[in-house]
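> Please see the structure below; I have some questions.
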Amino acid sequence: MTVAPGLLGPAEIRRAAERLGIRPTKTLGQNFVHDPNTVRRIVRAAQLEPADVVVEVGPGLGSLTLALLPEVAAVHAVEIDPVLAGALPATVADRAPGLVDRLRVVPADALRLTEDDVPGPPPTALVANLPYNVAVPVLLHALATLPTLRHGLVMVQREVADRLTAAPRSRIYGIPSVKLAWYASAKPAGRVPPAVFWPVPNVDSGLVRFVRHPQPPASGDRTGVFAVVDAAFAQRRKTLRTALAGWAGSPAAAATVLTAAGVDPGARGETLDVEQFAAIAAARAAMNSGTG
């Protein structure tokens, strides 16, 4: 395989891991991309602009980082592994010396990331090969805590990609679908085969592109809306009147809230879109405040 200058191929990835004493672990969800064509494809699919400031979660050995740096104003690389975090600046200095000033390494857990952890220009895009085991929580946390994110692209397990982009009434539509829809419009952006990773995972990966949109009308409190979503999908085969009984206090109370929100109490959670879930939360809040 011929590797373009600056990018990392299979041999470079393995040598770097050996030099650092890195053995990829399932605990951290470490599967390193070693195919230059794949990282180029990810960057193209992300539809980045030169002024974008990217947050990259889990840069690992730097494959995607090196492809991102020439295309954007800056990259905040969030890495929980201290060895990998410490080595990334040297990798960029060695393979892309003219772009070192665009890199900011953030040695942190992405699930605990805050705006204060990302100094300098506010991030506008999230582009990442997310660890399989925490992909959805990391994506939702980033959108919740980094309000300046306007768009992005993530690589996740194929099944997760399908769930994130599923539409109402789909068999796989569920909690991840609705919660991502709260923040953004999302669509599939392609599949990625296992062979481009080291170690090779036993599943395909999928690319998900998203664009942030205004929160749903009459949405109220996000926590309140997400509580409705969690309750509705805790018992997928139940009607909302039954599934939301615990949340509302009783089946009758749930039916009253649902009717006030314009939702059929006999419907099931998988048939509702995010606006309808928001309307349910708003209807209950109005009743509790005495305005409904």
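Simple scheme: letters A, B, ... for chains in structure tokens order, numbers from 1 for residues in each chain, numbers from 1 for ligands in the order shown.
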Could you name the residues that touch region 97-111 of chain A at 6 Å or less, counting only C-alpha atoms, but leaving out those on the same chain fewer than 2 positions away, as a short mmCIF file (atom, residue, chain, number, x, y, z; two decimals) with N, CA and C atoms, in the first residue's frame?

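Generated output (result34.cif):
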```cif
data_model
loop_
_atom_site.label_atom_id
_atom_site.label_comp_id
_atom_site.auth_asym_id
_atom_site.auth_seq_id
_atom_site.Cartn_x
_atom_site.Cartn_y
_atom_site.Cartn_z
N ALA A 74 -8.65 24.60 13.33
CA ALA A 74 -8.06 24.00 14.52
C ALA A 74 -8.74 22.68 14.83
N VAL A 75 -8.02 21.82 15.55
CA VAL A 75 -8.57 20.54 16.00
C VAL A 75 -8.31 20.40 17.50
N HIS A 76 -9.39 20.25 18.27
CA HIS A 76 -9.28 19.91 19.69
C HIS A 76 -9.38 18.39 19.78
N ALA A 77 -8.27 17.73 20.08
CA ALA A 77 -8.24 16.28 20.14
C ALA A 77 -8.42 15.82 21.58
N VAL A 78 -9.57 15.22 21.88
CA VAL A 78 -9.91 14.80 23.24
C VAL A 78 -9.52 13.34 23.41
N GLU A 79 -8.52 13.09 24.26
CA GLU A 79 -7.99 11.73 24.42
C GLU A 79 -7.87 11.37 25.89
N ILE A 80 -8.51 10.26 26.28
CA ILE A 80 -8.51 9.83 27.67
C ILE A 80 -7.24 9.07 28.05
N ALA A 85 -2.39 10.70 24.39
CA ALA A 85 -2.50 12.16 24.44
C ALA A 85 -1.12 12.81 24.40
N ALA A 93 3.96 16.85 14.69
CA ALA A 93 5.19 17.59 14.40
C ALA A 93 6.06 16.84 13.40
N ASP A 94 6.03 15.51 13.48
CA ASP A 94 6.86 14.69 12.59
C ASP A 94 6.27 14.61 11.19
N LEU A 113 -16.55 15.99 29.45
CA LEU A 113 -16.06 17.20 28.79
C LEU A 113 -17.00 18.37 29.03
N VAL A 138 -21.37 9.61 24.35
CA VAL A 138 -20.38 10.64 24.01
C VAL A 138 -20.97 11.64 23.02
#
```
> Point out the residue among A:Lys238, A:Arg212, A:Arg191, A:Arg14 with the least atom-to-atom distance to Val156 (chain A), counting only C-alpha atoms.
A:Arg191
> For Pro201 (chain A), find every residue with an atom within 9 Å (counting only C-alpha atoms), except residues of its own chain fewer than 5 positions away, and show them as an NGL selection string.
:A and (31 or 194-195)
> Kindly export the residues of the current selection with N, CA and C atoms, as an mmCIF file, in the first residue's frame.

```cif
data_model
loop_
_atom_site.group_PDB
_atom_site.id
_atom_site.type_symbol
_atom_site.label_atom_id
_atom_site.label_comp_id
_atom_site.auth_asym_id
_atom_site.auth_seq_id
_atom_site.Cartn_x
_atom_site.Cartn_y
_atom_site.Cartn_z
ATOM 1 N N ASN A 31 -9.979 0.839 18.471
ATOM 2 C CA ASN A 31 -9.773 0.237 17.158
ATOM 3 C C ASN A 31 -9.243 1.345 16.267
ATOM 4 N N PRO A 194 -14.601 -3.691 8.371
ATOM 5 C CA PRO A 194 -13.704 -3.957 9.504
ATOM 6 C C PRO A 194 -12.222 -3.928 9.146
ATOM 7 N N ALA A 195 -11.894 -4.246 7.888
ATOM 8 C CA ALA A 195 -10.487 -4.415 7.507
ATOM 9 C C ALA A 195 -9.649 -3.149 7.617
#
```
> Name all residues at most 10 Å from Val33 (chain A) (count only C-alpha atoms; drop same-chain ones fewer than 5 positions away) and give them as number ranges by chain.
A: 8-10, 13, 38-39, 59-64, 129, 194-200
> Could you write out that same residue set with C-alpha atoms as an mmCIF file, in the first residue's frame?

```cif
data_model
loop_
_atom_site.group_PDB
_atom_site.id
_atom_site.type_symbol
_atom_site.label_atom_id
_atom_site.label_comp_id
_atom_site.auth_asym_id
_atom_site.auth_seq_id
_atom_site.Cartn_x
_atom_site.Cartn_y
_atom_site.Cartn_z
ATOM 1 C CA LEU A 8 -0.543 6.784 8.597
ATOM 2 C CA GLY A 9 -0.788 3.337 7.023
ATOM 3 C CA PRO A 10 -0.904 -0.121 8.647
ATOM 4 C CA ILE A 13 0.225 2.403 13.035
ATOM 5 C CA THR A 38 -10.862 5.876 4.811
ATOM 6 C CA VAL A 39 -9.774 8.932 6.787
ATOM 7 C CA PRO A 59 -7.736 10.561 18.174
ATOM 8 C CA GLY A 60 -5.699 7.516 19.138
ATOM 9 C CA LEU A 61 -2.472 7.367 17.164
ATOM 10 C CA GLY A 62 -3.455 10.301 14.964
ATOM 11 C CA SER A 63 -4.743 8.831 11.696
ATOM 12 C CA LEU A 64 -7.845 10.996 11.422
ATOM 13 C CA ASN A 129 -14.139 7.579 15.306
ATOM 14 C CA PRO A 194 -13.704 -3.957 9.504
ATOM 15 C CA ALA A 195 -10.487 -4.415 7.507
ATOM 16 C CA VAL A 196 -9.498 -0.736 7.799
ATOM 17 C CA PHE A 197 -9.053 -1.051 11.582
ATOM 18 C CA TRP A 198 -6.401 -2.512 13.851
ATOM 19 C CA PRO A 199 -7.339 -4.632 15.649
ATOM 20 C CA VAL A 200 -10.046 -5.788 13.252
#
```
> Compile the contact shell of Ala144 (chain A) as a VMD selection string: residues with an atom at most 12 Å away, counting only C-alpha atoms, same-chain residues fewer than 2 positions apart removed.
chain A and resid 111 to 115 137 to 142 146 to 150 179 to 180 182 to 184 212 215 222 to 223
> I'd like the neighbourhood of region 163-177 of chain A as JSON, numbers by chain, where a residue qualifies if any of its atoms comes within 10 Å (using only C-alpha atoms), though same-chain residues fewer than 5 positions away should be ignored.
{"A": [136, 137, 139, 140, 156, 158, 182, 185, 186, 187, 188, 208, 209, 210, 226, 229, 230, 231, 232, 233, 234, 236, 268, 269, 270, 271, 272, 273, 274]}
> Produce a file of the selected residues containing N, CA and C atoms, as an mmCIF file, in the first residue's frame.

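Final output, saved to selection04.cif:
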```cif
data_model
loop_
_atom_site.group_PDB
_atom_site.id
_atom_site.type_symbol
_atom_site.label_atom_id
_atom_site.label_comp_id
_atom_site.auth_asym_id
_atom_site.auth_seq_id
_atom_site.Cartn_x
_atom_site.Cartn_y
_atom_site.Cartn_z
ATOM 1 N N VAL A 136 -22.923 6.458 21.757
ATOM 2 C CA VAL A 136 -24.131 7.276 21.884
ATOM 3 C C VAL A 136 -24.013 8.263 23.047
ATOM 4 N N PRO A 137 -23.607 7.829 24.251
ATOM 5 C CA PRO A 137 -23.457 8.805 25.332
ATOM 6 C C PRO A 137 -22.473 9.927 25.011
ATOM 7 N N LEU A 139 -21.675 11.156 22.010
ATOM 8 C CA LEU A 139 -22.275 12.044 21.016
ATOM 9 C C LEU A 139 -23.311 12.962 21.660
ATOM 10 N N LEU A 140 -24.196 12.404 22.468
ATOM 11 C CA LEU A 140 -25.239 13.211 23.105
ATOM 12 C C LEU A 140 -24.649 14.188 24.119
ATOM 13 N N VAL A 156 -19.366 5.017 13.996
ATOM 14 C CA VAL A 156 -19.813 4.173 15.099
ATOM 15 C C VAL A 156 -20.098 2.776 14.560
ATOM 16 N N ARG A 158 -22.061 -0.191 13.073
ATOM 17 C CA ARG A 158 -23.107 -0.070 12.051
ATOM 18 C C ARG A 158 -24.505 -0.120 12.661
ATOM 19 N N TRP A 182 -33.493 15.377 18.907
ATOM 20 C CA TRP A 182 -33.713 16.582 19.723
ATOM 21 C C TRP A 182 -32.719 17.673 19.324
ATOM 22 N N SER A 185 -30.585 17.086 12.893
ATOM 23 C CA SER A 185 -31.035 16.211 11.813
ATOM 24 C C SER A 185 -29.856 15.315 11.444
ATOM 25 N N ALA A 186 -30.106 14.014 11.336
ATOM 26 C CA ALA A 186 -29.009 13.078 11.082
ATOM 27 C C ALA A 186 -29.359 12.155 9.915
ATOM 28 N N LYS A 187 -28.336 11.740 9.189
ATOM 29 C CA LYS A 187 -28.553 10.793 8.099
ATOM 30 C C LYS A 187 -27.310 9.923 7.931
ATOM 31 N N PRO A 188 -27.486 8.718 7.388
ATOM 32 C CA PRO A 188 -26.334 7.846 7.148
ATOM 33 C C PRO A 188 -25.411 8.463 6.105
ATOM 34 N N VAL A 208 -22.287 8.587 10.410
ATOM 35 C CA VAL A 208 -23.502 9.356 10.640
ATOM 36 C C VAL A 208 -23.152 10.836 10.566
ATOM 37 N N ARG A 209 -23.804 11.540 9.654
ATOM 38 C CA ARG A 209 -23.601 12.983 9.552
ATOM 39 C C ARG A 209 -24.803 13.679 10.174
ATOM 40 N N PHE A 210 -24.544 14.742 10.924
ATOM 41 C CA PHE A 210 -25.638 15.462 11.567
ATOM 42 C C PHE A 210 -25.453 16.970 11.423
ATOM 43 N N PHE A 226 -36.523 13.987 27.800
ATOM 44 C CA PHE A 226 -35.791 12.721 27.763
ATOM 45 C C PHE A 226 -36.364 11.713 28.757
ATOM 46 N N VAL A 229 -39.141 10.060 26.943
ATOM 47 C CA VAL A 229 -38.591 9.134 25.949
ATOM 48 C C VAL A 229 -38.136 7.834 26.622
ATOM 49 N N ASP A 230 -37.401 7.959 27.719
ATOM 50 C CA ASP A 230 -36.915 6.771 28.420
ATOM 51 C C ASP A 230 -38.073 5.895 28.884
ATOM 52 N N ALA A 231 -39.107 6.525 29.429
ATOM 53 C CA ALA A 231 -40.260 5.768 29.920
ATOM 54 C C ALA A 231 -41.014 5.103 28.766
ATOM 55 N N ALA A 232 -41.159 5.813 27.664
ATOM 56 C CA ALA A 232 -41.931 5.291 26.537
ATOM 57 C C ALA A 232 -41.295 4.056 25.926
ATOM 58 N N PHE A 233 -39.965 4.022 25.907
ATOM 59 C CA PHE A 233 -39.284 2.897 25.263
ATOM 60 C C PHE A 233 -38.848 1.816 26.253
ATOM 61 N N ALA A 234 -39.115 2.019 27.531
ATOM 62 C CA ALA A 234 -38.793 0.983 28.514
ATOM 63 C C ALA A 234 -39.661 -0.252 28.291
ATOM 64 N N ARG A 236 -41.468 -1.329 25.021
ATOM 65 C CA ARG A 236 -41.715 -0.990 23.625
ATOM 66 C C ARG A 236 -43.077 -1.465 23.122
ATOM 67 N N ARG A 268 -48.050 3.813 20.407
ATOM 68 C CA ARG A 268 -46.821 3.294 21.012
ATOM 69 C C ARG A 268 -45.677 4.273 20.764
ATOM 70 N N GLY A 269 -44.691 4.217 21.631
ATOM 71 C CA GLY A 269 -43.597 5.177 21.568
ATOM 72 C C GLY A 269 -42.881 5.209 20.238
ATOM 73 N N GLU A 270 -42.772 4.051 19.583
ATOM 74 C CA GLU A 270 -42.011 4.005 18.336
ATOM 75 C C GLU A 270 -42.711 4.697 17.173
ATOM 76 N N THR A 271 -43.947 5.163 17.376
ATOM 77 C CA THR A 271 -44.656 5.873 16.314
ATOM 78 C C THR A 271 -44.547 7.392 16.439
ATOM 79 N N LEU A 272 -43.958 7.879 17.532
ATOM 80 C CA LEU A 272 -43.906 9.321 17.797
ATOM 81 C C LEU A 272 -42.586 9.926 17.346
ATOM 82 N N ASP A 273 -42.644 11.165 16.860
ATOM 83 C CA ASP A 273 -41.412 11.876 16.563
ATOM 84 C C ASP A 273 -41.027 12.744 17.765
ATOM 85 N N VAL A 274 -39.884 13.406 17.668
ATOM 86 C CA VAL A 274 -39.367 14.141 18.820
ATOM 87 C C VAL A 274 -40.284 15.302 19.207
#
```
> Check region 21-100 of chain A with DSSP on the backbone and list each residue it calls strand (DSSP E or B), as a PDB file with N, CA and C atoms, in the first residue's frame.

```
ATOM      1  N   PHE A  32      -7.954   1.272  15.937  1.00  0.00           N
ATOM      2  CA  PHE A  32      -7.295   2.355  15.226  1.00  0.00           C
ATOM      3  C   PHE A  32      -7.474   2.222  13.717  1.00  0.00           C
ATOM      4  N   VAL A  33      -7.875   3.303  13.057  1.00  0.00           N
ATOM      5  CA  VAL A  33      -8.002   3.313  11.600  1.00  0.00           C
ATOM      6  C   VAL A  33      -6.613   3.398  10.987  1.00  0.00           C
ATOM      7  N   VAL A  53     -13.758  24.735  13.546  1.00  0.00           N
ATOM      8  CA  VAL A  53     -12.928  24.286  14.659  1.00  0.00           C
ATOM      9  C   VAL A  53     -13.496  22.941  15.091  1.00  0.00           C
ATOM     10  N   VAL A  54     -12.711  21.893  14.945  1.00  0.00           N
ATOM     11  CA  VAL A  54     -13.194  20.527  15.121  1.00  0.00           C
ATOM     12  C   VAL A  54     -12.846  19.982  16.501  1.00  0.00           C
ATOM     13  N   VAL A  55     -13.812  19.293  17.106  1.00  0.00           N
ATOM     14  CA  VAL A  55     -13.535  18.442  18.259  1.00  0.00           C
ATOM     15  C   VAL A  55     -13.436  17.019  17.728  1.00  0.00           C
ATOM     16  N   GLU A  56     -12.309  16.379  17.981  1.00  0.00           N
ATOM     17  CA  GLU A  56     -12.135  14.975  17.627  1.00  0.00           C
ATOM     18  C   GLU A  56     -12.026  14.178  18.917  1.00  0.00           C
ATOM     19  N   VAL A  57     -12.939  13.254  19.129  1.00  0.00           N
ATOM     20  CA  VAL A  57     -12.916  12.424  20.327  1.00  0.00           C
ATOM     21  C   VAL A  57     -12.177  11.126  20.014  1.00  0.00           C
ATOM     22  N   ALA A  74      -8.654  24.600  13.333  1.00  0.00           N
ATOM     23  CA  ALA A  74      -8.059  23.999  14.524  1.00  0.00           C
ATOM     24  C   ALA A  74      -8.743  22.679  14.831  1.00  0.00           C
ATOM     25  N   VAL A  75      -8.024  21.817  15.551  1.00  0.00           N
ATOM     26  CA  VAL A  75      -8.570  20.539  16.005  1.00  0.00           C
ATOM     27  C   VAL A  75      -8.310  20.401  17.501  1.00  0.00           C
ATOM     28  N   HIS A  76      -9.388  20.252  18.269  1.00  0.00           N
ATOM     29  CA  HIS A  76      -9.283  19.911  19.686  1.00  0.00           C
ATOM     30  C   HIS A  76      -9.376  18.386  19.783  1.00  0.00           C
ATOM     31  N   ALA A  77      -8.274  17.735  20.076  1.00  0.00           N
ATOM     32  CA  ALA A  77      -8.236  16.276  20.139  1.00  0.00           C
ATOM     33  C   ALA A  77      -8.422  15.823  21.584  1.00  0.00           C
ATOM     34  N   VAL A  78      -9.570  15.218  21.877  1.00  0.00           N
ATOM     35  CA  VAL A  78      -9.910  14.802  23.237  1.00  0.00           C
ATOM     36  C   VAL A  78      -9.525  13.343  23.409  1.00  0.00           C
TER      37      VAL A  78
END
```
> May I have the residues within 7 Å of Pro251 (chain A) as an MDAnalysis selection string, using only C-alpha atoms and disregarding those fewer than 3 positions away in the same chain?
chainID A and resid 241:242 245 254:255
> Pick from A:Val118, A:Val43, A:Ala189, A:Val127: nearest to Pro70 (chain A), with only C-alpha atoms counted?
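The shortest atom-to-atom distance to Pro70 (chain A) comes from A:Val43.
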